[in-house]
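Content type compact mmCIF, C-alpha atoms and all ligand atoms, from the file upload_2.txt:
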# COMPACT_ATOMS: atom_id res chain seq x y z
CA MET A 1 0.00 0.00 0.00
CA GLU A 2 1.47 3.35 -0.96
CA ASN A 3 -1.37 5.71 -0.16
CA LEU A 4 -3.96 5.94 2.54
CA THR A 5 -7.59 6.18 1.50
CA LEU A 6 -9.31 8.60 3.83
CA PRO A 7 -12.86 9.96 3.88
CA ASN A 8 -13.29 13.68 3.32
CA THR A 9 -14.47 14.52 6.82
CA GLN A 10 -13.25 16.08 10.04
CA ASP A 11 -15.14 13.53 12.11
CA ARG A 12 -12.55 11.70 14.16
CA VAL A 13 -14.60 8.55 14.75
CA THR A 14 -14.98 8.16 10.98
CA LEU A 15 -11.31 8.95 10.35
CA TYR A 16 -10.05 6.48 12.97
CA ALA A 17 -12.43 3.82 11.61
CA ALA A 18 -10.91 4.31 8.14
CA LEU A 19 -7.30 4.64 9.27
CA THR A 20 -6.93 1.82 11.80
CA PRO A 21 -7.52 -1.15 9.44
CA GLN A 22 -5.24 0.46 6.85
CA LEU A 23 -2.51 0.77 9.48
CA ARG A 24 -2.98 -2.90 10.36
CA GLU A 25 -2.54 -3.79 6.70
CA LEU A 26 0.37 -1.40 6.17
CA LEU A 27 2.24 -2.63 9.24
CA GLY A 28 1.07 -6.22 9.23
CA GLU A 29 4.20 -7.64 7.61
CA GLU A 30 6.65 -5.32 9.36
CA ARG A 31 8.83 -6.73 12.12
CA ASP A 32 10.98 -3.68 12.91
CA PRO A 33 9.41 -1.39 15.53
CA ILE A 34 11.21 1.73 14.28
CA ALA A 35 9.93 1.22 10.73
CA ALA A 36 6.42 0.64 12.05
CA MET A 37 6.55 3.72 14.31
CA ALA A 38 7.83 5.84 11.43
CA ASN A 39 4.95 4.89 9.14
CA MET A 40 2.47 5.20 11.98
CA ALA A 41 3.59 8.77 12.75
CA ALA A 42 3.40 9.67 9.05
CA ALA A 43 -0.08 8.12 8.69
CA LEU A 44 -1.39 9.97 11.74
CA ARG A 45 0.08 13.20 10.42
CA ALA A 46 -1.52 12.66 6.98
CA THR A 47 -4.89 11.88 8.57
CA PHE A 48 -5.13 14.48 11.32
CA GLY A 49 -2.44 17.08 10.59
CA TRP A 50 -1.46 17.58 14.21
CA HIS A 51 1.53 19.79 15.08
CA TRP A 52 3.76 17.02 16.42
CA ILE A 53 3.30 13.25 16.38
CA GLY A 54 5.97 10.88 17.54
CA PHE A 55 7.29 8.13 19.72
CA TYR A 56 9.65 8.04 22.66
CA ARG A 57 11.14 4.64 23.48
CA VAL A 58 11.91 3.40 26.97
CA MET A 59 15.69 3.00 27.22
CA GLY A 60 16.85 2.32 30.76
CA ALA A 61 15.72 5.09 33.10
CA GLU A 62 14.60 7.52 30.40
CA LEU A 63 12.55 7.96 27.26
CA VAL A 64 14.55 8.51 24.08
CA LEU A 65 13.15 10.23 21.01
CA GLY A 66 12.08 7.87 18.23
CA PRO A 67 10.38 8.32 14.84
CA PHE A 68 8.30 11.49 14.63
CA GLN A 69 6.66 14.02 12.33
CA GLY A 70 6.95 17.72 13.15
CA PRO A 71 9.48 20.20 14.50
CA VAL A 72 12.63 19.11 16.34
CA ALA A 73 11.93 17.95 19.89
CA CYS A 74 13.74 17.19 23.13
CA ALA A 75 15.61 13.90 22.81
CA ARG A 76 15.44 12.52 26.35
CA ILE A 77 12.78 12.60 29.09
CA ALA A 78 13.28 11.14 32.58
CA HIS A 79 10.84 8.69 34.19
CA GLY A 80 7.95 10.64 35.70
CA ARG A 81 8.89 13.93 34.01
CA GLY A 82 6.57 15.87 31.73
CA VAL A 83 3.45 14.42 30.17
CA CYS A 84 5.39 11.61 28.50
CA GLY A 85 7.25 10.57 31.65
CA THR A 86 3.98 10.68 33.59
CA ALA A 87 2.16 8.43 31.10
CA TRP A 88 5.10 6.00 31.35
CA ALA A 89 5.30 6.07 35.17
CA GLU A 90 1.53 5.78 35.66
CA GLU A 91 1.08 3.33 32.75
CA ARG A 92 -1.96 5.14 31.44
CA THR A 93 -3.03 7.50 28.69
CA VAL A 94 -2.72 11.12 29.76
CA ILE A 95 -4.80 13.86 28.13
CA VAL A 96 -3.72 17.45 28.80
CA PRO A 97 -6.37 19.96 27.60
CA ASP A 98 -4.13 22.96 28.39
CA VAL A 99 -0.38 22.34 28.51
CA ASP A 100 0.16 25.57 30.49
CA LYS A 101 -1.80 24.05 33.36
CA PHE A 102 0.09 20.73 33.51
CA PRO A 103 2.78 20.95 36.22
CA GLY A 104 6.13 19.96 34.75
CA HIS A 105 5.00 20.02 31.11
CA ILE A 106 8.07 19.98 28.88
CA ALA A 107 7.55 22.62 26.19
CA CYS A 108 9.28 21.43 23.03
CA SER A 109 7.30 23.90 20.93
CA ALA A 110 5.62 27.14 21.92
CA LEU A 111 2.82 26.31 19.47
CA SER A 112 1.59 23.28 21.41
CA ARG A 113 -1.61 23.98 23.32
CA SER A 114 -2.91 20.50 24.19
CA GLU A 115 -1.41 17.05 24.24
CA ILE A 116 -2.16 13.33 24.52
CA VAL A 117 0.34 10.62 25.45
CA VAL A 118 -0.50 6.92 25.03
CA PRO A 119 1.69 4.13 26.45
CA CYS A 120 2.69 1.38 24.00
CA LEU A 121 3.00 -1.97 25.75
CA ASP A 122 5.30 -4.86 24.90
CA SER A 123 4.19 -8.51 24.82
CA ASP A 124 4.66 -8.73 28.60
CA GLY A 125 2.44 -5.72 29.19
CA ARG A 126 5.30 -3.39 30.12
CA VAL A 127 5.55 0.14 28.72
CA ALA A 128 8.13 -0.03 25.91
CA ALA A 129 7.38 3.34 24.29
CA VAL A 130 4.90 6.20 24.34
CA LEU A 131 3.04 7.85 21.48
CA ASP A 132 2.99 11.61 22.02
CA ILE A 133 0.75 13.96 20.02
CA ASP A 134 0.71 17.76 20.36
CA SER A 135 -1.99 20.01 18.95
CA GLU A 136 -1.95 23.73 18.24
CA ARG A 137 -5.59 23.80 19.42
CA ALA A 138 -6.52 23.84 23.10
CA ASP A 139 -8.60 20.92 24.36
CA ASP A 140 -8.15 18.98 21.12
CA PHE A 141 -8.17 15.45 22.57
CA SER A 142 -10.96 13.40 24.10
CA VAL A 143 -11.62 9.85 25.22
CA ILE A 144 -12.40 9.09 21.54
CA ASP A 145 -8.76 9.80 20.67
CA ALA A 146 -7.53 7.92 23.74
CA HIS A 147 -9.39 4.72 22.85
CA ALA A 148 -8.59 4.89 19.14
CA LEU A 149 -4.90 5.65 19.70
CA GLU A 150 -4.64 2.86 22.30
CA HIS A 151 -5.94 0.45 19.63
CA ILE A 152 -3.44 1.83 17.13
CA CYS A 153 -0.59 1.36 19.65
CA GLU A 154 -1.69 -2.27 20.13
CA ILE A 155 -0.61 -2.88 16.51
CA LEU A 156 2.96 -2.30 17.72
CA GLN A 157 2.74 -4.71 20.66
CA PRO A 158 4.09 -7.86 18.93
CA LEU A 159 7.01 -5.81 17.55
CA LEU A 160 8.04 -4.46 20.93
CA GLY A 161 9.34 -7.76 22.34
N1 LIG B 1 5.47 17.88 25.97
C1 LIG B 1 6.10 16.60 26.24
C2 LIG B 1 7.52 16.58 25.73
C3 LIG B 1 7.67 16.06 24.35
S1 LIG B 1 7.24 17.17 23.15
O1 LIG B 1 5.85 17.60 23.34
C4 LIG B 1 7.45 16.55 21.65
C5 LIG B 1 6.07 16.29 27.72
O2 LIG B 1 5.73 17.16 28.53
O3 LIG B 1 6.39 15.17 28.08
Take the structure in the file and write it out as structure tokens.
Ligand code: SME
Amino acid sequence: MENLTLPNTQDRVTLYAALTPQLRELLGEERDPIAAMANMAAALRATFGWHWIGFYRVMGAELVLGPFQGPVACARIAHGRGVCGTAWAEERTVIVPDVDKFPGHIACSALSRSEIVVPCLDSDGRVAAVLDIDSERADDFSVIDAHALEHICEILQPLLG
């Protein structure tokens, strides 16, 4: 598959319903997690156009920047720090409607107004990476995004060891 086929709508439920099976097909044969993350970030960018979409991988005591789409970002985040480190430490999806009100938010870009971070689990159920998405719009993420992005991250699970 070279191109995504996406409906001409802004409705996220419809867009996720179209995108998720195409991601499964696109990544179904892939065994390398970096390659899969790279295409996943590009597909999410093409579908939703968010400001920054990318992965941080758990490496020892910190998160290390992985494949992403968007402006340059901080390369390393400690356990429990920022939104990403919090999602890792608490092993849950974190939605931040207003990044200015999240204590310890790490501002990689002044344009980011809201953020969602979804843990990606390995085959043993441990957090192996996080998917981080930043929006230029305040309050841009809801439980609809959380559930859909958690399903998308599950596609990576067999690749994460
Ligand atoms: N805002 C994130 C840092 C990563 S950048 O947004 C790409 C955080 O607070 O963890």
query: Quick one: residues within 7 Å of ligand LIG 1 (chain B), with all atoms listed in the file, as a list in words?
result: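 If we count all atoms listed in the file, the neighbours of ligand LIG 1 (chain B) turn out to be Trp52, Ala73, Cys74, Ile77, Arg81, Gly82, Val83, Cys84, Gly85, Gly104, His105, Ile106, Ala107, Cys108, Ser109, Asp132 and Asp134 of chain A.
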Interatomic distance (Å, one decimal) between atom CA of A:Val127 and atom CA of A:Val96: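 Atom-to-atom, atom CA of A:Val127 to atom CA of A:Val96, that is 19.6 Å.
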task: Record the distance separating atom CA of A:Glu29 and atom CA of A:Trp50, expressed in Å with one decimal.
output: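 Separation of atom CA of A:Glu29 and atom CA of A:Trp50: 26.7 Å.
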message: So the first atom is atom CA of A:Thr20 and the second is atom CA of A:Ile34; what is the distance between them in Å, to one decimal place?
response: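 Between atom CA of A:Thr20 and atom CA of A:Ile34 the gap is 18.3 Å.
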task: Would you list the contacts of A:Asn39 as a PyMOL selection string, taking every protein, DNA or RNA residue within 9 Å and counting only C-alpha atoms, but skipping same-chain residues closer than 6 positions in sequence?
output: chain A and resi 23+26-27+67
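Close to (12.0, 10.3, 32.5), meaning no more than 10 Å away when counting only C-alpha atoms, sit the residues Val58, Met59, Gly60, Ala61, Glu62, Leu63, Val64, Arg76, Ile77, Ala78, His79, Gly80, Arg81, Gly82, Val83, Cys84, Gly85, Thr86, Trp88 and Ala89 of chain A.
Between A:Asp124 and the residues A:Arg92, A:Pro158, A:Pro97, A:His147, the shortest atom-to-atom distance, using all atoms listed in the file, involves A:Pro158.
Here the selection is built from all atoms listed in the file, and the residues within 8 Å of (7.9, 17.3, 12.1) turn out to be His51, Trp52, Ile53, Phe68, Gln69, Gly70, Pro71 and Val72 of chain A.
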message: Give me the residues near A:Ala138 as number ranges by chain, where near means some atom within 10 Å (using all atoms listed in the file) and where sequence neighbours in that chain fewer than 6 positions away do not count.
response: A: 96-99, 112-115
- request: Rank A:Ile152, A:Arg57, A:Gly66, A:Ala128 by their smallest atom-to-atom distance to A:Ala35, using all atoms listed in the file, and report the top residue only.
  value: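 Residue with the minimum atom-to-atom distance to A:Ala35: A:Gly66.
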Each stretch 116-156 of chain A residue no farther than 12 Å from stretch 12-17 of chain A, nearest pair in Å, only C-alpha atoms, as JSON lines:
{"residue": "A:Asp140", "atom": "CA", "partner": "A:Arg12", "partner_atom": "CA", "distance": 11.0}
{"residue": "A:Phe141", "atom": "CA", "partner": "A:Arg12", "partner_atom": "CA", "distance": 10.2}
{"residue": "A:Ser142", "atom": "CA", "partner": "A:Arg12", "partner_atom": "CA", "distance": 10.2}
{"residue": "A:Val143", "atom": "CA", "partner": "A:Val13", "partner_atom": "CA", "distance": 11.0}
{"residue": "A:Ile144", "atom": "CA", "partner": "A:Val13", "partner_atom": "CA", "distance": 7.2}
{"residue": "A:Asp145", "atom": "CA", "partner": "A:Arg12", "partner_atom": "CA", "distance": 7.8}
{"residue": "A:Ala146", "atom": "CA", "partner": "A:Tyr16", "partner_atom": "CA", "distance": 11.2}
{"residue": "A:His147", "atom": "CA", "partner": "A:Tyr16", "partner_atom": "CA", "distance": 10.1}
{"residue": "A:Ala148", "atom": "CA", "partner": "A:Tyr16", "partner_atom": "CA", "distance": 6.5}
{"residue": "A:Leu149", "atom": "CA", "partner": "A:Tyr16", "partner_atom": "CA", "distance": 8.5}
{"residue": "A:Glu150", "atom": "CA", "partner": "A:Tyr16", "partner_atom": "CA", "distance": 11.4}
{"residue": "A:His151", "atom": "CA", "partner": "A:Tyr16", "partner_atom": "CA", "distance": 9.9}
{"residue": "A:Ile152", "atom": "CA", "partner": "A:Tyr16", "partner_atom": "CA", "distance": 9.1}
query: Pick from A:Ile155, A:Cys120, A:Ser135, A:Gly161: nearest to A:Glu30, with only C-alpha atoms counted?
result: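 Between A:Ile155, A:Cys120, A:Ser135, A:Gly161, the residue approaching A:Glu30 most closely is A:Ile155.
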Since the input is missing atoms, can you rebuild N, CA and C atoms for stretch 47-72 of chain A and write them as a compact mmCIF listing (two decimals), in the frame of the given file?
# COMPACT_ATOMS: atom_id res chain seq x y z
N THR A 47 -3.45 11.97 8.29
CA THR A 47 -4.89 11.88 8.57
C THR A 47 -5.39 13.08 9.36
N PHE A 48 -4.62 13.49 10.37
CA PHE A 48 -5.13 14.48 11.32
C PHE A 48 -4.37 15.81 11.29
N GLY A 49 -3.17 15.83 10.76
CA GLY A 49 -2.44 17.08 10.59
C GLY A 49 -1.95 17.74 11.87
N TRP A 50 -1.86 16.97 12.94
CA TRP A 50 -1.46 17.58 14.21
C TRP A 50 -0.05 18.17 14.12
N HIS A 51 0.26 19.05 15.07
CA HIS A 51 1.53 19.79 15.08
C HIS A 51 2.74 18.87 15.23
N TRP A 52 2.64 17.93 16.16
CA TRP A 52 3.76 17.02 16.42
C TRP A 52 3.22 15.65 16.78
N ILE A 53 3.74 14.63 16.13
CA ILE A 53 3.30 13.25 16.38
C ILE A 53 4.55 12.40 16.42
N GLY A 54 4.76 11.71 17.52
CA GLY A 54 5.97 10.88 17.54
C GLY A 54 6.03 9.93 18.71
N PHE A 55 7.09 9.15 18.70
CA PHE A 55 7.29 8.13 19.72
C PHE A 55 8.54 8.43 20.52
N TYR A 56 8.46 8.13 21.81
CA TYR A 56 9.65 8.04 22.66
C TYR A 56 9.75 6.60 23.12
N ARG A 57 10.96 6.02 23.06
CA ARG A 57 11.14 4.64 23.48
C ARG A 57 11.78 4.56 24.87
N VAL A 58 11.33 3.62 25.65
CA VAL A 58 11.91 3.40 26.97
C VAL A 58 13.30 2.79 26.77
N MET A 59 14.32 3.50 27.27
CA MET A 59 15.69 3.00 27.22
C MET A 59 16.29 3.25 28.58
N GLY A 60 16.35 2.19 29.40
CA GLY A 60 16.85 2.32 30.76
C GLY A 60 15.91 3.20 31.57
N ALA A 61 16.48 4.26 32.18
CA ALA A 61 15.72 5.09 33.10
C ALA A 61 15.08 6.30 32.41
N GLU A 62 15.17 6.35 31.08
CA GLU A 62 14.60 7.52 30.40
C GLU A 62 13.92 7.13 29.09
N LEU A 63 13.16 8.09 28.59
CA LEU A 63 12.55 7.96 27.26
C LEU A 63 13.49 8.63 26.26
N VAL A 64 13.67 7.97 25.12
CA VAL A 64 14.55 8.51 24.08
C VAL A 64 13.72 8.71 22.81
N LEU A 65 13.91 9.86 22.20
CA LEU A 65 13.15 10.23 21.01
C LEU A 65 13.26 9.17 19.91
N GLY A 66 12.13 8.82 19.33
CA GLY A 66 12.08 7.87 18.23
C GLY A 66 11.51 8.54 16.99
N PRO A 67 10.93 7.75 16.08
CA PRO A 67 10.38 8.32 14.84
C PRO A 67 9.29 9.35 15.15
N PHE A 68 9.32 10.47 14.42
CA PHE A 68 8.30 11.49 14.63
C PHE A 68 8.08 12.30 13.37
N GLN A 69 6.99 13.06 13.38
CA GLN A 69 6.66 14.02 12.33
C GLN A 69 6.45 15.36 13.01
N GLY A 70 7.13 16.39 12.56
CA GLY A 70 6.95 17.72 13.15
C GLY A 70 8.28 18.35 13.46
N PRO A 71 8.24 19.48 14.19
CA PRO A 71 9.48 20.20 14.50
C PRO A 71 10.41 19.40 15.41
N VAL A 72 11.67 19.79 15.46
CA VAL A 72 12.63 19.11 16.34
C VAL A 72 12.12 19.14 17.77
